[in-house]
$ cat coords_33.cif   # mmCIF, C-alpha atoms and all ligand atoms
data_coords
loop_
_atom_site.label_atom_id
_atom_site.label_comp_id
_atom_site.auth_asym_id
_atom_site.auth_seq_id
_atom_site.Cartn_x
_atom_site.Cartn_y
_atom_site.Cartn_z
CA MET A 1220 -18.53 32.13 33.03
CA SER A 1221 -18.99 29.48 35.71
CA HIS A 1222 -22.04 27.21 35.76
CA THR A 1223 -21.97 25.88 39.27
CA LEU A 1224 -25.75 25.79 39.67
CA ALA A 1225 -26.53 23.09 37.18
CA ALA A 1226 -23.40 21.03 36.80
CA PRO A 1227 -24.34 18.11 34.54
CA GLN A 1228 -24.74 14.87 36.47
CA SER A 1229 -24.09 12.56 33.53
CA GLU A 1230 -23.17 12.47 29.85
CA ALA A 1231 -26.87 12.34 28.97
CA ALA A 1232 -27.63 15.37 31.14
CA ALA A 1233 -24.70 17.20 29.59
CA ALA A 1234 -26.04 16.44 26.12
CA THR A 1235 -29.50 17.71 27.11
CA LEU A 1236 -28.05 20.89 28.57
CA ALA A 1237 -25.96 21.51 25.49
CA ALA A 1238 -28.90 20.94 23.11
CA ARG A 1239 -29.76 24.11 21.29
CA TRP A 1240 -33.27 24.91 20.23
CA THR A 1241 -33.84 26.75 16.99
CA THR A 1242 -36.66 29.26 16.63
CA ALA A 1243 -38.00 27.09 13.80
CA GLN A 1244 -38.20 24.04 16.08
CA ILE A 1245 -40.05 26.01 18.73
CA THR A 1246 -42.36 27.59 16.17
CA ALA A 1247 -43.19 24.04 15.07
CA LEU A 1248 -44.18 23.26 18.68
CA PHE A 1249 -46.47 26.32 18.73
CA ASP A 1250 -47.98 25.15 15.42
CA LEU A 1251 -49.02 21.77 16.83
CA PRO A 1252 -52.73 21.19 17.42
CA PHE A 1253 -53.42 22.60 20.90
CA MET A 1254 -54.24 19.22 22.48
CA ASP A 1255 -51.09 17.59 21.10
CA LEU A 1256 -48.95 20.46 22.39
CA VAL A 1257 -50.47 20.42 25.88
CA PHE A 1258 -50.23 16.62 26.05
CA ARG A 1259 -46.56 16.72 25.12
CA ALA A 1260 -45.83 19.44 27.65
CA ALA A 1261 -47.72 17.51 30.36
CA GLU A 1262 -45.63 14.41 29.61
CA VAL A 1263 -42.39 16.37 29.97
CA HIS A 1264 -43.69 18.02 33.14
CA ARG A 1265 -44.43 14.62 34.74
CA GLN A 1266 -40.95 13.32 33.94
CA HIS A 1267 -39.33 16.05 36.03
CA PHE A 1268 -41.84 17.37 38.57
CA ASP A 1269 -44.77 16.37 40.70
CA PRO A 1270 -47.60 17.65 38.43
CA ASN A 1271 -49.78 18.30 41.48
CA ALA A 1272 -47.44 20.74 43.21
CA ILE A 1273 -47.23 24.49 42.73
CA GLN A 1274 -44.54 26.84 44.04
CA ARG A 1275 -45.83 30.16 45.37
CA SER A 1276 -43.89 33.45 45.51
CA THR A 1277 -45.20 36.68 46.93
CA LEU A 1278 -44.17 39.93 45.29
CA LEU A 1279 -43.61 43.28 46.95
CA SER A 1280 -42.74 46.56 45.27
CA ILE A 1281 -40.08 48.01 47.58
CA LYS A 1282 -39.43 51.04 45.36
CA THR A 1283 -42.30 52.10 43.15
CA GLY A 1284 -42.35 54.41 40.12
CA GLY A 1285 -40.08 57.18 38.87
CA CYS A 1286 -37.97 54.87 36.68
CA SER A 1287 -35.65 56.42 34.08
CA GLU A 1288 -36.25 53.64 31.53
CA ASP A 1289 -38.78 53.63 28.67
CA CYS A 1290 -40.07 50.03 28.68
CA GLY A 1291 -43.26 50.37 26.61
CA TYR A 1292 -45.36 48.15 28.89
CA CYS A 1293 -44.39 49.61 32.24
CA SER A 1294 -46.54 51.66 34.60
CA GLN A 1295 -43.41 52.73 36.52
CA ALA A 1296 -41.51 54.57 33.78
CA LYS A 1297 -41.52 58.21 34.85
CA ARG A 1298 -41.94 59.44 31.27
CA TYR A 1299 -45.44 57.88 30.93
CA HIS A 1300 -48.51 59.31 32.66
CA THR A 1301 -49.93 56.21 34.25
CA GLY A 1302 -51.05 57.56 37.62
CA VAL A 1303 -48.31 55.60 39.46
CA GLU A 1304 -46.58 58.02 41.86
CA SER A 1305 -42.86 57.83 42.50
CA GLU A 1306 -42.12 56.58 46.02
CA GLU A 1307 -39.02 56.29 48.20
CA LEU A 1308 -37.47 52.94 49.03
CA MET A 1309 -39.68 51.18 51.59
CA ALA A 1310 -38.42 50.97 55.19
CA ILE A 1311 -36.69 47.70 56.10
CA GLU A 1312 -39.12 46.98 58.98
CA GLU A 1313 -42.14 47.37 56.69
CA VAL A 1314 -40.65 44.95 54.17
CA VAL A 1315 -39.99 42.38 56.91
CA GLU A 1316 -43.59 42.72 58.18
CA LYS A 1317 -44.92 42.04 54.65
CA ALA A 1318 -42.62 39.05 54.33
CA LYS A 1319 -43.91 37.60 57.64
CA LEU A 1320 -47.46 37.98 56.34
CA ALA A 1321 -46.55 36.30 53.05
CA LYS A 1322 -45.05 33.38 54.93
CA ALA A 1323 -48.12 33.08 57.16
CA ASN A 1324 -50.25 32.98 53.99
CA GLY A 1325 -48.22 30.08 52.57
CA ALA A 1326 -45.62 31.64 50.25
CA SER A 1327 -42.24 29.89 50.11
CA ARG A 1328 -40.39 32.71 48.35
CA PHE A 1329 -40.51 36.49 48.79
CA CYS A 1330 -39.64 38.62 45.78
CA MET A 1331 -38.79 42.31 46.18
CA GLY A 1332 -38.98 44.55 43.11
CA ALA A 1333 -37.56 48.03 42.55
CA ALA A 1334 -38.31 50.41 39.67
CA TRP A 1335 -34.68 51.15 38.95
CA ARG A 1336 -32.59 51.03 35.78
CA GLY A 1337 -30.21 49.48 38.29
CA PRO A 1338 -29.21 50.19 41.90
CA LYS A 1339 -26.44 52.61 42.85
CA ASP A 1340 -24.04 51.07 45.38
CA ARG A 1341 -25.49 53.17 48.21
CA GLU A 1342 -29.04 52.17 47.23
CA LEU A 1343 -28.08 48.52 47.42
CA VAL A 1344 -27.07 48.73 51.11
CA PRO A 1345 -30.61 48.71 52.61
CA VAL A 1346 -31.70 46.07 50.07
CA LEU A 1347 -28.91 43.78 51.32
CA GLU A 1348 -30.32 44.17 54.83
CA MET A 1349 -33.84 43.33 53.58
CA VAL A 1350 -32.51 40.17 51.94
CA LYS A 1351 -30.71 39.17 55.16
CA GLN A 1352 -33.76 39.69 57.34
CA VAL A 1353 -36.24 38.02 54.96
CA LYS A 1354 -33.93 35.04 54.60
CA ALA A 1355 -33.74 34.80 58.41
CA LEU A 1356 -37.54 34.26 58.44
CA GLY A 1357 -36.96 30.98 56.61
CA LEU A 1358 -38.20 32.26 53.24
CA GLU A 1359 -36.38 31.94 49.94
CA THR A 1360 -35.35 35.39 48.76
CA CYS A 1361 -35.63 36.99 45.33
CA VAL A 1362 -35.03 40.52 44.13
CA THR A 1363 -35.52 42.32 40.82
CA LEU A 1364 -33.59 45.58 40.81
CA GLY A 1365 -32.66 46.13 37.16
CA MET A 1366 -29.13 46.03 35.74
CA LEU A 1367 -26.28 45.23 38.13
CA ARG A 1368 -22.81 46.78 38.26
CA GLU A 1369 -19.59 44.87 38.96
CA GLY A 1370 -19.49 43.45 42.46
CA GLN A 1371 -23.18 43.96 43.26
CA ALA A 1372 -24.23 40.36 42.54
CA ALA A 1373 -21.53 39.05 44.91
CA LYS A 1374 -22.84 41.35 47.68
CA LEU A 1375 -26.38 40.07 47.12
CA LYS A 1376 -25.17 36.48 47.27
CA GLU A 1377 -23.35 37.19 50.51
CA ALA A 1378 -26.54 38.69 51.99
CA GLY A 1379 -28.33 35.39 51.30
CA LEU A 1380 -30.06 36.02 47.98
CA ASP A 1381 -31.44 32.86 46.34
CA TYR A 1382 -32.90 34.24 43.07
CA TYR A 1383 -32.43 37.31 40.91
CA ASN A 1384 -35.25 38.13 38.46
CA HIS A 1385 -34.19 39.81 35.24
CA ASN A 1386 -36.36 39.19 32.19
CA ILE A 1387 -35.21 39.19 28.57
CA ASP A 1388 -38.78 40.32 27.93
CA THR A 1389 -39.24 39.58 24.21
CA ALA A 1390 -37.61 38.36 21.00
CA PRO A 1391 -34.22 39.94 20.18
CA GLU A 1392 -35.57 41.40 16.93
CA PHE A 1393 -38.58 42.95 18.71
CA TYR A 1394 -36.73 44.32 21.76
CA ALA A 1395 -35.88 47.75 20.32
CA SER A 1396 -39.50 48.41 19.35
CA VAL A 1397 -40.50 48.08 23.03
CA ILE A 1398 -37.44 49.40 24.90
CA GLY A 1399 -34.96 52.05 23.76
CA THR A 1400 -33.04 53.05 26.90
CA HIS A 1401 -31.15 49.78 27.23
CA SER A 1402 -30.49 46.79 25.02
CA GLN A 1403 -31.28 43.13 25.41
CA GLN A 1404 -27.52 42.52 25.53
CA ASP A 1405 -27.44 44.66 28.71
CA ARG A 1406 -29.99 42.24 30.18
CA PHE A 1407 -27.87 39.22 29.22
CA ASP A 1408 -24.82 40.87 30.81
CA THR A 1409 -26.63 41.22 34.14
CA ILE A 1410 -27.87 37.61 33.94
CA ASP A 1411 -24.23 36.50 33.46
CA LYS A 1412 -23.18 38.47 36.55
CA VAL A 1413 -25.96 36.86 38.58
CA ARG A 1414 -24.99 33.38 37.45
CA ASP A 1415 -21.30 33.97 38.06
CA ALA A 1416 -22.11 34.99 41.63
CA GLY A 1417 -23.85 31.63 42.18
CA ILE A 1418 -27.37 33.09 42.45
CA HIS A 1419 -30.26 31.23 40.81
CA VAL A 1420 -31.52 32.96 37.68
CA CYS A 1421 -35.18 33.87 37.23
CA SER A 1422 -35.70 35.09 33.68
CA GLY A 1423 -38.62 35.09 31.30
CA GLY A 1424 -40.62 37.59 29.35
CA ILE A 1425 -43.89 39.11 28.27
CA VAL A 1426 -46.24 37.98 25.51
CA GLY A 1427 -49.09 39.91 23.95
CA MET A 1428 -47.05 43.01 23.08
CA GLY A 1429 -47.81 42.68 19.36
CA GLU A 1430 -45.01 40.21 18.62
CA SER A 1431 -45.63 37.39 16.16
CA ARG A 1432 -45.85 33.71 17.10
CA ARG A 1433 -42.35 33.36 15.68
CA GLY A 1434 -41.31 36.18 18.03
CA ARG A 1435 -42.68 34.28 21.01
CA ALA A 1436 -40.78 31.21 19.84
CA ALA A 1437 -37.59 33.27 19.44
CA MET A 1438 -37.90 34.53 23.02
CA ILE A 1439 -38.34 30.96 24.32
CA ALA A 1440 -35.30 29.88 22.26
CA GLN A 1441 -33.15 32.58 23.88
CA LEU A 1442 -34.16 31.38 27.33
CA ALA A 1443 -33.87 27.66 26.57
CA ASN A 1444 -30.43 28.09 25.00
CA MET A 1445 -28.93 29.77 28.06
CA ASP A 1446 -26.37 27.38 29.52
CA PRO A 1447 -27.88 26.40 31.86
CA PRO A 1448 -31.44 27.70 31.29
CA PRO A 1449 -32.91 29.89 34.04
CA GLU A 1450 -34.06 27.93 37.09
CA SER A 1451 -37.27 29.96 37.07
CA VAL A 1452 -39.04 31.23 33.93
CA PRO A 1453 -41.85 33.76 34.40
CA ILE A 1454 -44.22 34.00 31.46
CA ASN A 1455 -46.13 37.27 31.74
CA ASN A 1456 -49.17 38.16 29.67
CA LEU A 1457 -49.12 41.90 29.01
CA VAL A 1458 -51.22 43.91 31.44
CA ALA A 1459 -52.08 46.82 29.14
CA ILE A 1460 -51.66 49.96 31.23
CA GLU A 1461 -53.24 53.28 30.41
CA GLY A 1462 -50.64 55.95 29.65
CA THR A 1463 -48.04 53.48 28.32
CA PRO A 1464 -47.32 53.06 24.60
CA LEU A 1465 -48.88 49.57 24.78
CA ALA A 1466 -52.12 50.75 26.41
CA ASP A 1467 -54.26 49.87 23.38
CA GLN A 1468 -52.65 46.54 22.58
CA PRO A 1469 -55.45 44.03 21.90
CA PRO A 1470 -55.39 41.05 24.29
CA LEU A 1471 -53.63 37.88 23.19
CA ASP A 1472 -55.75 34.76 22.66
CA PRO A 1473 -55.51 32.93 26.03
CA PHE A 1474 -54.72 29.68 24.18
CA GLU A 1475 -51.67 31.36 22.67
CA PHE A 1476 -50.53 32.32 26.19
CA ILE A 1477 -50.95 28.67 27.22
CA ARG A 1478 -49.06 27.54 24.11
CA THR A 1479 -46.16 29.76 25.23
CA ILE A 1480 -46.20 28.07 28.65
CA ALA A 1481 -46.23 24.63 26.99
CA ALA A 1482 -43.29 25.58 24.76
CA ALA A 1483 -41.36 26.82 27.81
CA ARG A 1484 -42.07 23.55 29.64
CA ILE A 1485 -40.94 21.35 26.72
CA THR A 1486 -37.76 23.29 26.04
CA MET A 1487 -36.83 23.87 29.71
CA PRO A 1488 -37.90 20.59 31.32
CA THR A 1489 -36.25 21.10 34.70
CA SER A 1490 -37.07 24.80 35.20
CA TYR A 1491 -39.99 26.15 37.18
CA VAL A 1492 -42.33 27.81 34.68
CA ARG A 1493 -44.19 30.64 36.35
CA LEU A 1494 -47.69 31.66 35.30
CA SER A 1495 -47.06 35.34 36.03
CA ALA A 1496 -48.75 38.65 35.16
CA GLY A 1497 -52.10 38.31 33.42
CA ARG A 1498 -53.35 35.47 35.63
CA ARG A 1499 -56.30 37.61 36.73
CA GLU A 1500 -57.43 37.79 33.11
CA LEU A 1501 -57.55 33.97 32.82
CA THR A 1502 -60.59 31.97 33.93
CA ASP A 1503 -60.14 29.23 36.54
CA GLU A 1504 -60.37 26.75 33.65
CA GLY A 1505 -57.70 28.68 31.76
CA GLN A 1506 -55.39 28.52 34.78
CA ALA A 1507 -56.01 24.78 35.13
CA LEU A 1508 -55.03 24.36 31.46
CA ALA A 1509 -51.87 26.38 32.08
CA PHE A 1510 -50.96 24.06 35.00
CA MET A 1511 -51.67 21.07 32.75
CA ALA A 1512 -49.35 22.62 30.15
CA GLY A 1513 -46.53 22.69 32.69
CA ALA A 1514 -46.81 25.91 34.69
CA ASN A 1515 -45.77 25.03 38.23
CA SER A 1516 -45.35 28.32 39.98
CA ILE A 1517 -47.42 31.45 40.53
CA PHE A 1518 -47.28 34.87 42.14
CA TYR A 1519 -49.41 34.65 45.22
CA GLY A 1520 -50.87 37.70 46.92
CA ASP A 1521 -53.45 40.31 45.97
CA LYS A 1522 -50.98 42.56 44.18
CA LEU A 1523 -48.13 42.20 41.68
CA LEU A 1524 -46.04 45.40 41.59
CA THR A 1525 -48.58 48.07 40.64
CA THR A 1526 -51.42 45.96 39.26
CA GLY A 1527 -53.76 43.38 40.75
CA ASN A 1528 -53.34 39.64 41.07
CA PRO A 1529 -56.05 37.10 41.97
CA GLU A 1530 -57.13 37.34 45.63
CA VAL A 1531 -55.46 34.93 48.05
CA GLU A 1532 -58.80 33.38 49.08
CA GLY A 1533 -59.71 32.65 45.46
CA ASP A 1534 -56.29 31.11 44.82
CA GLU A 1535 -56.54 28.93 47.93
CA ALA A 1536 -59.92 27.71 46.75
CA LEU A 1537 -58.71 27.04 43.21
CA LEU A 1538 -55.64 25.10 44.36
CA LYS A 1539 -57.88 23.05 46.64
CA ARG A 1540 -60.45 22.37 43.89
CA LEU A 1541 -57.64 21.14 41.65
CA GLY A 1542 -55.94 19.10 44.40
CA LEU A 1543 -52.74 21.10 43.94
CA LYS A 1544 -50.39 21.22 46.91
CA SER A 1545 -47.62 23.70 47.71
CA VAL A 1546 -43.95 23.07 47.13
N1 LIG B 1601 -36.82 47.50 37.01
C1 LIG B 1601 -36.51 46.14 37.07
C2 LIG B 1601 -36.40 45.50 35.72
O1 LIG B 1601 -36.81 46.12 34.74
O2 LIG B 1601 -35.90 44.37 35.66
C3 LIG B 1601 -37.45 45.32 37.94
C4 LIG B 1601 -38.95 45.54 37.85
S1 LIG B 1601 -39.72 45.23 36.27
C5 LIG B 1601 -41.32 45.92 36.57
C6 LIG B 1601 -39.88 43.46 36.21
C7 LIG B 1601 -40.57 42.82 35.04
O3 LIG B 1601 -41.98 42.95 35.16
C8 LIG B 1601 -40.30 43.36 33.65
O4 LIG B 1601 -39.10 42.91 33.11
C9 LIG B 1601 -41.48 42.80 32.87
O5 LIG B 1601 -41.15 41.52 32.35
C10 LIG B 1601 -42.57 42.66 33.92
N2 LIG B 1601 -43.65 43.63 33.67
C11 LIG B 1601 -43.62 44.95 33.95
N3 LIG B 1601 -44.77 45.55 33.58
C12 LIG B 1601 -45.55 44.59 33.03
C13 LIG B 1601 -46.85 44.60 32.45
N4 LIG B 1601 -47.55 45.72 32.32
N5 LIG B 1601 -47.35 43.43 31.99
C14 LIG B 1601 -46.64 42.30 32.10
N6 LIG B 1601 -45.41 42.23 32.64
C15 LIG B 1601 -44.85 43.37 33.10
C1 LIG B 1602 -42.03 39.01 36.49
O1 LIG B 1602 -41.64 38.36 35.51
N1 LIG B 1602 -43.27 39.45 36.65
C2 LIG B 1602 -43.40 40.21 37.87
C3 LIG B 1602 -42.00 40.02 38.52
N2 LIG B 1602 -41.27 39.35 37.51
C4 LIG B 1602 -41.29 41.16 39.07
C5 LIG B 1602 -43.86 41.62 37.65
C6 LIG B 1602 -45.16 41.72 36.92
C7 LIG B 1602 -45.55 43.14 36.87
C8 LIG B 1602 -46.92 43.33 36.31
C9 LIG B 1602 -47.29 44.76 36.21
C10 LIG B 1602 -47.34 45.51 37.51
O2 LIG B 1602 -47.92 45.02 38.51
O3 LIG B 1602 -46.85 46.64 37.54
FE1 LIG B 1603 -38.02 50.63 34.83
FE2 LIG B 1603 -38.09 47.97 35.09
FE3 LIG B 1603 -40.31 49.37 34.41
FE4 LIG B 1603 -38.33 49.12 32.65
S1 LIG B 1603 -39.58 47.45 33.50
S2 LIG B 1603 -39.44 51.03 33.14
S3 LIG B 1603 -36.54 49.18 33.98
S4 LIG B 1603 -39.22 49.49 36.32
#
$ encode --input "coords_33.cif" --output "structure tokens" --more "lines below"
Ligand code: SAM
Ligand code: DTB
Ligand code: SF4
Amino acid sequence: MSHTLAAPQSEAAAATLAARWTTAQITALFDLPFMDLVFRAAEVHRQHFDPNAIQRSTLLSIKTGGCSEDCGYCSQAKRYHTGVESEELMAIEEVVEKAKLAKANGASRFCMGAAWRGPKDRELVPVLEMVKQVKALGLETCVTLGMLREGQAAKLKEAGLDYYNHNIDTAPEFYASVIGTHSQQDRFDTIDKVRDAGIHVCSGGIVGMGESRRGRAAMIAQLANMDPPPESVPINNLVAIEGTPLADQPPLDPFEFIRTIAAARITMPTSYVRLSAGRRELTDEGQALAFMAGANSIFYGDKLLTTGNPEVEGDEALLKRLGLKSV
């Protein structure tokens, strides 16, 4: 595997990159008093980033519903009755129009998601064109299409793809209780293909699916121990969707969600940590705490894939109230 994206600049950087986090060490971070944990995360954040800057990506579902997989949280799995209808791949022109709008609203990256187990080669062709045209608008490009076959990552790179999102979703030992139609190893294999093609990796997971604190720590350890860690790490709080097996999952304590963000920040100091799904369920004060704990990117736009996100106007106002600027 080649690691061209984060070639160590010095011996010290090499040592940091090679450092492996154990689940026990990360559990110990989670176990810290909340204020100590957030303070530590904020210190790490300030060493590597401007703490008053937030990166904004806009998401678009380019192919909604009808997915063959059984991910227990997902509204788009065709086997669950969630009310999400299966749609065809969106027309290229429509995608480009949405990307123009996202840019006008202040997004720096445009992320296109498809409810596929993975694209067939012929399905990838129009997506490559979308990537090309969105990139030509001066936006960073990101796609999340599921598992990739040999050669597909190289084609995406050639089209101008900057980031590929592929989450490891949860702790290795918890994975099979949430997803049965593919394994976590399949996810790692796709991440390797993405990295080998020289595309930036966006990988994170979901909390609040009934995993233990140790499970959350184990998921963070898997991400932090990637060599190099993902450049972008989305931390999603489960959006419990009616019709899915996780519909009745009780909500996670928001402080535990923020602890997960802090642990991601401490263990992946140079990665963007994205406060992802579940932001609508946080108060403005909760979001400010998450930014303090090291989150420095958000999904921006009224919709995620099938569920809501905070309204653009509200986000603009919040960023202004907090004196946060855009990257
Ligand atoms: N099908 C592709 C895949 O599975 O990678 C791309 C789309 S999939 C919806 C992208 C990610 O969204 C999932 O890996 C999961 O982390 C997140 N996600 C999906 N449904 C969610 C939910 N209800 N709550 C929180 N995160 C969710
Ligand atoms: C990620 O980690 N979160 C986004 C994006 N990557 C593709 C998706 C969140 C989906 C939330 C549920 C929905 O809207 O369907
Ligand atoms: Fe399909 Fe992705 Fe949803 Fe899993 S998370 S059911 S692979 S769309």
$ closest_residue --input "coords_33.cif" --among "A:Glu1262, A:Asp1405, A:Glu1348, A:Asp1503" --to "Thr1360 in chain A" --atoms "only C-alpha atoms"
A:Glu1348
$ closest_residue --input "coords_33.cif" --among "A:Leu1278, A:Ala1296, A:Val1344, A:Met1511" --to "Lys1317 in chain A" --atoms "only C-alpha atoms"
A:Leu1278
$ residues_near_ligand --input "coords_33.cif" --ligand "ligand LIG 1603 (chain B)" --cutoff "7 Å" --atoms "only C-alpha atoms and all ligand atoms" --output "PyMOL selection string"
chain A and resi 1284+1286-1290+1293-1296+1333-1336+1365
$ closest_residue --input "coords_33.cif" --among "A:Val1353, A:Val1492, A:Arg1435, A:Ile1425" --to "Pro1448 in chain A" --atoms "all atoms listed in the file"
A:Val1492
$ closest_residue --input "coords_33.cif" --among "A:Ala1243, A:Leu1538, A:Ala1507, A:Val1303" --to "ligand LIG 1602 (chain B)" --atoms "all atoms listed in the file"
A:Val1303
$ closest_residue --input "coords_33.cif" --among "A:Gln1274, A:Asn1324, A:Thr1283, A:Gln1266" --to "ligand LIG 1601 (chain B)" --atoms "all atoms listed in the file"
A:Thr1283
$ closest_residue --input "coords_33.cif" --among "A:Asp1534, A:Tyr1519, A:Ala1512, A:Pro1449" --to "Ala1321 in chain A" --atoms "all atoms listed in the file"
A:Tyr1519
$ atom_distance --input "coords_33.cif" --atom1 "CA of Leu1248 in chain A" --atom2 "atom C14 of ligand LIG 1601 (chain B)"
23.4 Å
$ residues_near_ligand --input "coords_33.cif" --ligand "ligand LIG 1602 (chain B)" --cutoff "7 Å" --atoms "all atoms listed in the file" --output "PyMOL selection string"
chain A and resi 1278+1293-1294+1332+1363+1384+1386+1423-1424+1453-1455+1458+1495-1496+1522-1527
$ residues_around --input "coords_33.cif" --residues "Ala1247 in chain A" --least-positions-apart "6" --cutoff "12 Å" --atoms "all atoms listed in the file" --output "PyMOL selection string"
chain A and resi 1240-1241+1253+1255-1256+1432-1433+1435-1437+1478+1482
$ atom_distance --input "coords_33.cif" --atom1 "CA of Tyr1292 in chain A" --atom2 "CA of Thr1389 in chain A"
11.5 Å
$ residues_around --input "coords_33.cif" --residues "Phe1510 in chain A" --least-positions-apart "5" --cutoff "10 Å" --atoms "only C-alpha atoms" --output "count of residues only"
20
$ axis_aligned_box --input "coords_33.cif" --around "range 1287-1298 of chain A" --padding-each-side "5 Å" --output "lines of an AutoDock Vina configuration file"
center_x = -41.1
center_y = 53.8
center_z = 31.6
size_x = 20.9
size_y = 21.3
size_z = 19.9
$ residues_near_point --input "coords_33.cif" --point "(-44.8, 30.1, 46.1)" --cutoff "6 Å" --atoms "all atoms listed in the file" --output "ChimeraX atom specification"
/A:1274-1276,1326-1328
$ write_last_selection --input "coords_33.cif" --atoms "C-alpha atoms" --output "mmCIF file, keeping the file's coordinate frame"
data_model
loop_
_atom_site.group_PDB
_atom_site.id
_atom_site.type_symbol
_atom_site.label_atom_id
_atom_site.label_comp_id
_atom_site.auth_asym_id
_atom_site.auth_seq_id
_atom_site.Cartn_x
_atom_site.Cartn_y
_atom_site.Cartn_z
ATOM 1 C CA GLN A 1274 -44.540 26.840 44.040
ATOM 2 C CA ARG A 1275 -45.830 30.160 45.370
ATOM 3 C CA SER A 1276 -43.890 33.450 45.510
ATOM 4 C CA ALA A 1326 -45.620 31.640 50.250
ATOM 5 C CA SER A 1327 -42.240 29.890 50.110
ATOM 6 C CA ARG A 1328 -40.390 32.710 48.350
#
$ residues_around --input "coords_33.cif" --residues "Gly1337 in chain A" --least-positions-apart "6" --cutoff "7 Å" --atoms "only C-alpha atoms" --output "VMD selection string"
chain A and resid 1364 to 1367
$ write_last_selection --input "coords_33.cif" --atoms "C-alpha atoms" --output "tab-separated table (two decimals), keeping the file's coordinate frame"
chain	number	residue	atom	x	y	z
A	1364	LEU	CA	-33.59	45.58	40.81
A	1365	GLY	CA	-32.66	46.13	37.16
A	1366	MET	CA	-29.13	46.03	35.74
A	1367	LEU	CA	-26.28	45.23	38.13
$ atom_distance --input "coords_33.cif" --atom1 "atom N1 of ligand LIG 1601 (chain B)" --atom2 "CA of Gly1513 in chain A"
27.0 Å
$ residues_near_point --input "coords_33.cif" --point "(-26.1, 41.8, 46.9)" --cutoff "10 Å" --atoms "all atoms listed in the file" --output "JSON, numbers by chain"
{"A": [1340, 1343, 1344, 1346, 1347, 1348, 1350, 1351, 1362, 1367, 1370, 1371, 1372, 1373, 1374, 1375, 1376, 1377, 1378, 1379, 1380, 1383, 1413, 1416, 1418]}
$ decode --input "coords_33.cif" --residues "range 1491-1510 of chain A" --atoms "C-alpha atoms" --output "compact mmCIF listing (two decimals), in the first residue's frame"
# COMPACT_ATOMS: atom_id res chain seq x y z
CA TYR A 1491 -10.68 17.26 10.06
CA VAL A 1492 -13.24 15.96 12.55
CA ARG A 1493 -16.72 16.37 11.14
CA LEU A 1494 -19.75 16.95 13.35
CA SER A 1495 -22.06 14.98 11.06
CA ALA A 1496 -25.53 13.42 11.34
CA GLY A 1497 -27.41 14.27 14.51
CA ARG A 1498 -26.40 17.94 14.54
CA ARG A 1499 -30.07 18.95 14.38
CA GLU A 1500 -30.64 17.15 17.68
CA LEU A 1501 -27.92 19.22 19.42
CA THR A 1502 -28.64 22.65 20.88
CA ASP A 1503 -26.59 25.63 19.70
CA GLU A 1504 -24.68 25.35 22.98
CA GLY A 1505 -24.08 21.65 22.34
CA GLN A 1506 -22.68 22.44 18.89
CA ALA A 1507 -20.41 25.13 20.37
CA LEU A 1508 -19.10 22.54 22.85
CA ALA A 1509 -18.47 20.12 19.98
CA PHE A 1510 -16.44 22.82 18.16
